[in-house]
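Q: I'm passing along run.txt; it holds compact mmCIF, C-alpha atoms.
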# COMPACT_ATOMS: atom_id res chain seq x y z
CA MET A 1 155.87 -12.45 138.72
CA ILE A 2 158.35 -11.36 141.39
CA ARG A 3 161.82 -12.69 140.57
CA VAL A 4 163.57 -13.85 143.75
CA ALA A 5 167.07 -15.16 144.50
CA VAL A 6 168.29 -16.72 147.74
CA VAL A 7 171.92 -16.49 148.82
CA ASP A 8 172.99 -18.70 151.72
CA ASP A 9 175.96 -20.97 152.35
CA GLU A 10 173.71 -23.76 153.64
CA ARG A 11 172.10 -25.80 150.87
CA LEU A 12 169.35 -26.97 153.22
CA VAL A 13 168.36 -23.38 154.00
CA ARG A 14 168.26 -22.53 150.30
CA SER A 15 166.12 -25.57 149.54
CA GLY A 16 163.71 -24.72 152.33
CA LEU A 17 163.27 -21.13 151.20
CA ARG A 18 162.86 -22.22 147.59
CA MET A 19 160.12 -24.63 148.67
CA ILE A 20 158.32 -22.00 150.77
CA LEU A 21 158.45 -19.19 148.24
CA GLY A 22 157.75 -21.48 145.31
CA THR A 23 154.24 -22.07 146.62
CA ALA A 24 153.27 -18.42 146.07
CA PRO A 25 151.59 -17.93 142.67
CA ASP A 26 153.19 -14.52 142.12
CA ILE A 27 156.78 -15.44 143.07
CA GLU A 28 159.36 -17.07 140.79
CA MET A 29 162.56 -18.44 142.31
CA VAL A 30 165.18 -17.63 139.68
CA ALA A 31 168.36 -18.60 141.58
CA ASP A 32 169.83 -19.91 144.81
CA CYS A 33 173.55 -20.01 145.51
CA GLY A 34 176.35 -19.48 148.01
CA GLY A 35 178.23 -16.25 148.60
CA ALA A 36 181.19 -16.75 146.25
CA GLU A 37 179.11 -16.67 143.06
CA ALA A 38 176.27 -14.55 144.42
CA VAL A 39 176.75 -11.17 142.75
CA GLU A 40 177.27 -12.59 139.25
CA THR A 41 174.43 -15.10 139.64
CA VAL A 42 171.89 -12.63 141.03
CA LEU A 43 172.60 -9.93 138.47
CA SER A 44 172.66 -12.34 135.53
CA CYS A 45 169.18 -13.67 136.36
CA ALA A 46 167.78 -10.16 136.94
CA ALA A 47 166.37 -10.93 140.39
CA GLU A 48 164.17 -8.18 141.80
CA VAL A 49 164.36 -9.36 145.42
CA VAL A 50 167.27 -11.10 147.15
CA LEU A 51 167.21 -12.88 150.49
CA LEU A 52 170.84 -12.79 151.61
CA ASP A 53 172.51 -14.57 154.52
CA ILE A 54 174.27 -11.89 156.54
CA ARG A 55 177.10 -14.17 157.67
CA MET A 56 178.73 -16.74 155.38
CA PRO A 57 182.15 -18.42 155.55
CA ASP A 58 183.34 -17.92 151.96
CA VAL A 59 182.16 -14.42 151.03
CA ASP A 60 180.22 -12.65 153.77
CA GLY A 61 176.83 -11.09 153.23
CA LEU A 62 178.04 -7.51 153.58
CA THR A 63 180.48 -8.00 150.70
CA VAL A 64 177.72 -9.46 148.53
CA LEU A 65 175.40 -6.61 149.53
CA ARG A 66 177.96 -4.01 148.46
CA GLY A 67 178.38 -5.75 145.11
CA LEU A 68 174.65 -5.87 144.47
CA ARG A 69 174.08 -2.28 145.54
CA ALA A 70 176.77 -1.12 143.11
CA ALA A 71 174.76 -2.43 140.13
CA PRO A 72 173.01 0.14 137.88
CA GLU A 73 169.61 -1.29 138.85
CA PRO A 74 170.18 -3.08 142.17
CA PRO A 75 167.64 -5.53 143.54
CA ALA A 76 165.96 -5.04 146.90
CA VAL A 77 167.99 -7.01 149.44
CA ALA A 78 166.73 -8.37 152.76
CA MET A 79 169.33 -9.82 155.10
CA LEU A 80 168.68 -13.24 156.62
CA THR A 81 170.04 -13.26 160.14
CA THR A 82 170.02 -15.03 163.51
CA PHE A 83 169.95 -13.65 167.03
CA ASP A 84 173.72 -14.08 167.36
CA ALA A 85 174.62 -11.92 164.35
CA GLN A 86 173.44 -8.55 165.62
CA GLU A 87 176.87 -6.95 165.28
CA TYR A 88 176.38 -7.04 161.49
CA LEU A 89 172.98 -5.37 161.38
CA THR A 90 173.93 -1.71 161.57
CA ALA A 91 176.63 -2.19 158.93
CA ALA A 92 174.13 -3.86 156.61
CA LEU A 93 171.67 -1.03 157.14
CA ARG A 94 174.29 1.54 156.22
CA GLU A 95 175.22 -0.48 153.13
CA GLY A 96 171.66 -0.26 151.83
CA ALA A 97 169.83 -3.35 153.06
CA ALA A 98 166.08 -2.99 152.56
CA GLY A 99 165.11 -5.40 155.29
CA PHE A 100 166.07 -7.86 158.02
CA LEU A 101 164.45 -11.25 158.52
CA LEU A 102 165.17 -14.03 160.97
CA LYS A 103 166.00 -17.34 159.34
CA ASP A 104 163.22 -19.03 161.28
CA SER A 105 160.52 -16.59 160.12
CA ASP A 106 157.23 -18.32 159.39
CA PRO A 107 156.41 -19.05 155.72
CA GLU A 108 153.58 -16.53 155.46
CA GLN A 109 155.83 -13.79 156.81
CA LEU A 110 158.51 -14.60 154.22
CA VAL A 111 156.03 -14.42 151.36
CA ARG A 112 154.63 -11.11 152.63
CA ALA A 113 158.16 -9.76 153.02
CA VAL A 114 159.06 -10.59 149.42
CA ARG A 115 155.92 -8.85 148.15
CA THR A 116 156.65 -5.79 150.29
CA LEU A 117 160.24 -5.59 149.05
CA ALA A 118 159.14 -5.95 145.42
CA ALA A 119 156.69 -3.07 145.93
CA GLY A 120 159.49 -0.82 147.16
CA GLY A 121 158.86 -1.26 150.87
CA SER A 122 161.11 -2.32 153.73
CA VAL A 123 160.77 -5.23 156.12
CA LEU A 124 161.97 -5.57 159.68
CA ASP A 125 161.37 -8.70 161.72
CA PRO A 126 160.16 -7.79 165.24
CA GLY A 127 162.90 -10.04 166.60
CA VAL A 128 165.65 -7.75 165.32
CA THR A 129 163.92 -4.37 165.43
CA ARG A 130 165.51 -3.24 168.69
CA ALA A 131 169.00 -4.24 167.55
CA VAL A 132 168.70 -2.51 164.18
CA ILE A 133 167.17 0.74 165.41
CA GLY A 134 169.22 0.86 168.58
CA GLY A 135 172.49 0.42 166.72
CA TYR A 136 171.65 3.03 164.12
CA LEU A 137 170.34 5.60 166.57
CA THR A 138 173.43 5.79 168.74
CA SER A 139 174.21 9.03 166.90
CA GLU A 140 170.71 9.95 165.73
CA ASP A 141 168.61 11.66 168.42
CA GLN A 142 165.22 13.28 168.12
CA ALA A 143 166.60 16.77 167.62
CA ALA A 144 168.85 15.64 164.78
CA ALA A 145 165.95 13.83 163.12
CA ALA A 146 163.76 16.91 163.41
CA ARG A 147 166.46 19.02 161.78
CA ALA A 148 166.84 16.47 159.01
CA VAL A 149 163.15 16.60 158.04
CA SER A 150 162.79 20.37 158.35
CA GLY A 151 163.76 20.87 154.70
CA LEU A 152 161.05 18.57 153.35
CA THR A 153 157.86 19.82 151.75
CA PRO A 154 154.57 18.99 153.55
CA ARG A 155 153.82 16.31 150.95
CA GLU A 156 157.30 14.79 151.33
CA SER A 157 156.87 14.78 155.10
CA GLN A 158 153.62 12.88 154.76
CA VAL A 159 155.24 10.34 152.44
CA LEU A 160 158.11 9.98 154.92
CA ALA A 161 155.62 9.37 157.74
CA LEU A 162 154.04 6.56 155.73
CA LEU A 163 157.48 5.13 155.03
CA GLY A 164 157.84 5.13 158.80
CA GLU A 165 154.81 2.84 158.97
CA GLY A 166 156.65 0.41 156.70
CA LEU A 167 154.43 0.97 153.66
CA GLY A 168 155.56 0.37 150.09
CA ASN A 169 155.05 2.84 147.25
CA ALA A 170 151.79 1.27 146.09
CA GLN A 171 150.36 1.34 149.61
CA ILE A 172 151.42 4.96 150.08
CA ALA A 173 149.81 5.88 146.77
CA GLU A 174 146.55 4.25 147.84
CA ARG A 175 146.62 5.92 151.25
CA MET A 176 147.28 9.38 149.78
CA GLY A 177 145.19 9.07 146.63
CA LEU A 178 148.19 9.60 144.35
CA ALA A 179 149.68 7.80 141.36
CA SER A 180 152.44 5.32 142.21
CA SER A 181 154.79 7.21 139.90
CA THR A 182 154.17 10.40 141.86
CA VAL A 183 154.91 8.65 145.14
CA LYS A 184 158.08 7.20 143.65
CA ASP A 185 159.22 10.72 142.73
CA HIS A 186 158.46 12.00 146.25
CA VAL A 187 160.37 9.10 147.81
CA ARG A 188 163.37 9.67 145.59
CA ALA A 189 163.38 13.38 146.42
CA LEU A 190 163.04 13.01 150.17
CA LEU A 191 165.70 10.29 150.40
CA ALA A 192 168.08 12.58 148.54
CA LYS A 193 167.25 15.52 150.82
CA LEU A 194 167.90 13.34 153.87
CA GLY A 195 171.41 12.60 152.66
CA GLY A 196 170.97 9.71 150.25
CA ILE A 197 169.77 7.30 152.94
CA ASN A 198 167.67 4.19 152.26
CA ARG A 199 164.07 3.44 153.15
CA ILE A 200 164.72 1.75 156.50
CA GLN A 201 166.96 4.62 157.58
CA ALA A 202 164.24 7.03 156.47
CA ALA A 203 161.68 5.09 158.51
CA ILE A 204 163.89 5.43 161.57
CA VAL A 205 164.27 9.17 160.99
CA ALA A 206 160.49 9.50 160.61
CA ASP A 207 159.96 7.73 163.91
CA ARG A 208 162.52 9.81 165.77
CA ALA A 209 161.16 13.04 164.28
CA GLY A 210 157.67 12.20 165.56
CA LEU A 211 156.08 11.95 162.12
CA VAL A 212 154.67 8.44 162.31
CA ALA A 213 151.82 8.88 164.81
CA GLY A 214 148.62 10.40 163.44
CA VAL A 215 149.47 10.40 159.73
CA PRO A 216 146.64 12.16 157.85
CA ARG A 217 144.87 10.18 155.14
CA GLY A 218 144.40 11.51 151.62
CA THR A 219 145.35 15.12 150.99
CA GLY A 220 144.00 15.20 147.46
Represent the supplied structure as structure tokens.
A:
Amino acid sequence: MIRVAVVDDERLVRSGLRMILGTAPDIEMVADCGGAEAVETVLSCAAEVVLLDIRMPDVDGLTVLRGLRAAPEPPAVAMLTTFDAQEYLTAALREGAAGFLLKDSDPEQLVRAVRTLAAGGSVLDPGVTRAVIGGYLTSEDQAAAARAVSGLTPRESQVLALLGEGLGNAQIAERMGLASSTVKDHVRALLAKLGGINRIQAAIVADRAGLVAGVPRGTG
């Protein structure tokens, strides 16, 4: 079962997400709360995936995100946002957010997103893609991305390309014919070589470096 927590200042939003995600047979809602008690609540219930409101009146989502990311074994955190909160997106990305979802995402998309996050993947709602990538890439051009990936091994470059497609570790392992543990090691190594960035940042680098198109399947 995937252990999920929802953090939002609006009780109605929390109830709605709990109802939606509670219908999935492989998802267990272990907590829902506001921002003030979020870090303690989420870590105490050992949530694997957190859906976190990016903008809350008591304790904002970025503060909660920093607290969660500082944990020894942090959960995967996807930020819940609206079209009028785009100024927060780049900051959340740099703080380690693993995804961005609009609050009005359809139920099936939310369930898929939770499964992707639990598998080590990243999620990016099409409605916020331009804002997230555009904000991050103001100082990240194609040449810089190419330089960043030049130190990767061929296998690491292929894994990075598949990260750029938005695949999780299990999906990458299936695509390449490798063990999930091996893929996990490659991901850890390439993220470190790229400066300790997260998976969404790595996906952006892969795209800018031209690695995503024409990824070869299965190298043995």
Q: Please list as a list in words every residue within 10 Å of A:Ile172, counting all atoms listed in the file and excluding residues in the same chain fewer than 5 positions away.
A: Gly121, Gln158, Val159, Leu160, Ala161, Leu162, Leu163, Glu165, Gly166, Leu167, Gly177, Leu178, Ala179, Ser180, Val183, Lys184, Arg217 and Gly218 of chain A
Q: In Å to one decimal, how far is atom CA of A:Val212 from atom CA of A:Glu48?
A: 28.1 Å
Q: Using only C-alpha atoms, pick whichever of A:Arg66, A:Arg112, A:Ala118, A:Ile20 has the shortest atom-to-atom distance to A:Arg94.
A: A:Arg66
Q: Taking all atoms of stretch 28-37 of chain A that appear in the file, build a box with edges along x, y and z, extend it by 8 Å on every side, and state its centre and edge lengths in Å to one decimal, as lines of an AutoDock Vina configuration file.
A:
center_x = 170.3
center_y = -18.1
center_z = 144.1
size_x = 37.8
size_y = 19.8
size_z = 24.9
Q: Can you tell me how far atom CA of A:Val4 sits from atom CA of A:Val49, in Å to one decimal?
A: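 Computing it gives 4.9 Å between the two atoms.
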Q: Residues at most 12 Å from A:Ser157, counting all atoms listed in the file, excluding those fewer than 2 positions away in the same chain, as a compact mmCIF listing (two decimals) with C-alpha atoms, keeping the file's coordinate frame?
A:
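selection_35.txt, freshly written:
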# COMPACT_ATOMS: atom_id res chain seq x y z
CA ALA A 146 163.76 16.91 163.41
CA ALA A 148 166.84 16.47 159.01
CA VAL A 149 163.15 16.60 158.04
CA SER A 150 162.79 20.37 158.35
CA GLY A 151 163.76 20.87 154.70
CA LEU A 152 161.05 18.57 153.35
CA THR A 153 157.86 19.82 151.75
CA PRO A 154 154.57 18.99 153.55
CA ARG A 155 153.82 16.31 150.95
CA VAL A 159 155.24 10.34 152.44
CA LEU A 160 158.11 9.98 154.92
CA ALA A 161 155.62 9.37 157.74
CA LEU A 162 154.04 6.56 155.73
CA LEU A 163 157.48 5.13 155.03
CA GLY A 164 157.84 5.13 158.80
CA VAL A 183 154.91 8.65 145.14
CA HIS A 186 158.46 12.00 146.25
CA VAL A 187 160.37 9.10 147.81
CA ALA A 189 163.38 13.38 146.42
CA LEU A 190 163.04 13.01 150.17
CA LEU A 191 165.70 10.29 150.40
CA LYS A 193 167.25 15.52 150.82
CA LEU A 194 167.90 13.34 153.87
CA ALA A 202 164.24 7.03 156.47
CA ALA A 203 161.68 5.09 158.51
CA VAL A 205 164.27 9.17 160.99
CA ALA A 206 160.49 9.50 160.61
CA ASP A 207 159.96 7.73 163.91
CA ALA A 209 161.16 13.04 164.28
CA GLY A 210 157.67 12.20 165.56
CA LEU A 211 156.08 11.95 162.12
CA VAL A 212 154.67 8.44 162.31
CA VAL A 215 149.47 10.40 159.73
CA PRO A 216 146.64 12.16 157.85
Q: With distances taken over all atoms listed in the file, which residue among A:Gly120, A:Gly96, A:Pro57, A:Gly16 lies nearest A:Gly35?
A: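 Counting all atoms listed in the file, the residue closest to A:Gly35 is A:Pro57.
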Q: Between A:Leu43, A:Leu117, A:Ile27, A:Val7, single out the one closest to A:Pro72, counting all atoms listed in the file.
A: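 Between A:Leu43, A:Leu117, A:Ile27, A:Val7, the residue approaching A:Pro72 most closely is A:Leu43.
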Q: To one decimal place in Å, what is the distance between atom CA of A:Val6 and atom CA of A:Val50?
A: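 It comes out at 5.7 Å.
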Q: Measuring atom to atom with only C-alpha atoms, identify which of A:Ala24, A:Ala119, A:Cys33, A:Ala71 is nearest to A:Ala46.
A: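 For A:Ala46, the nearest of the candidates is A:Ala71.
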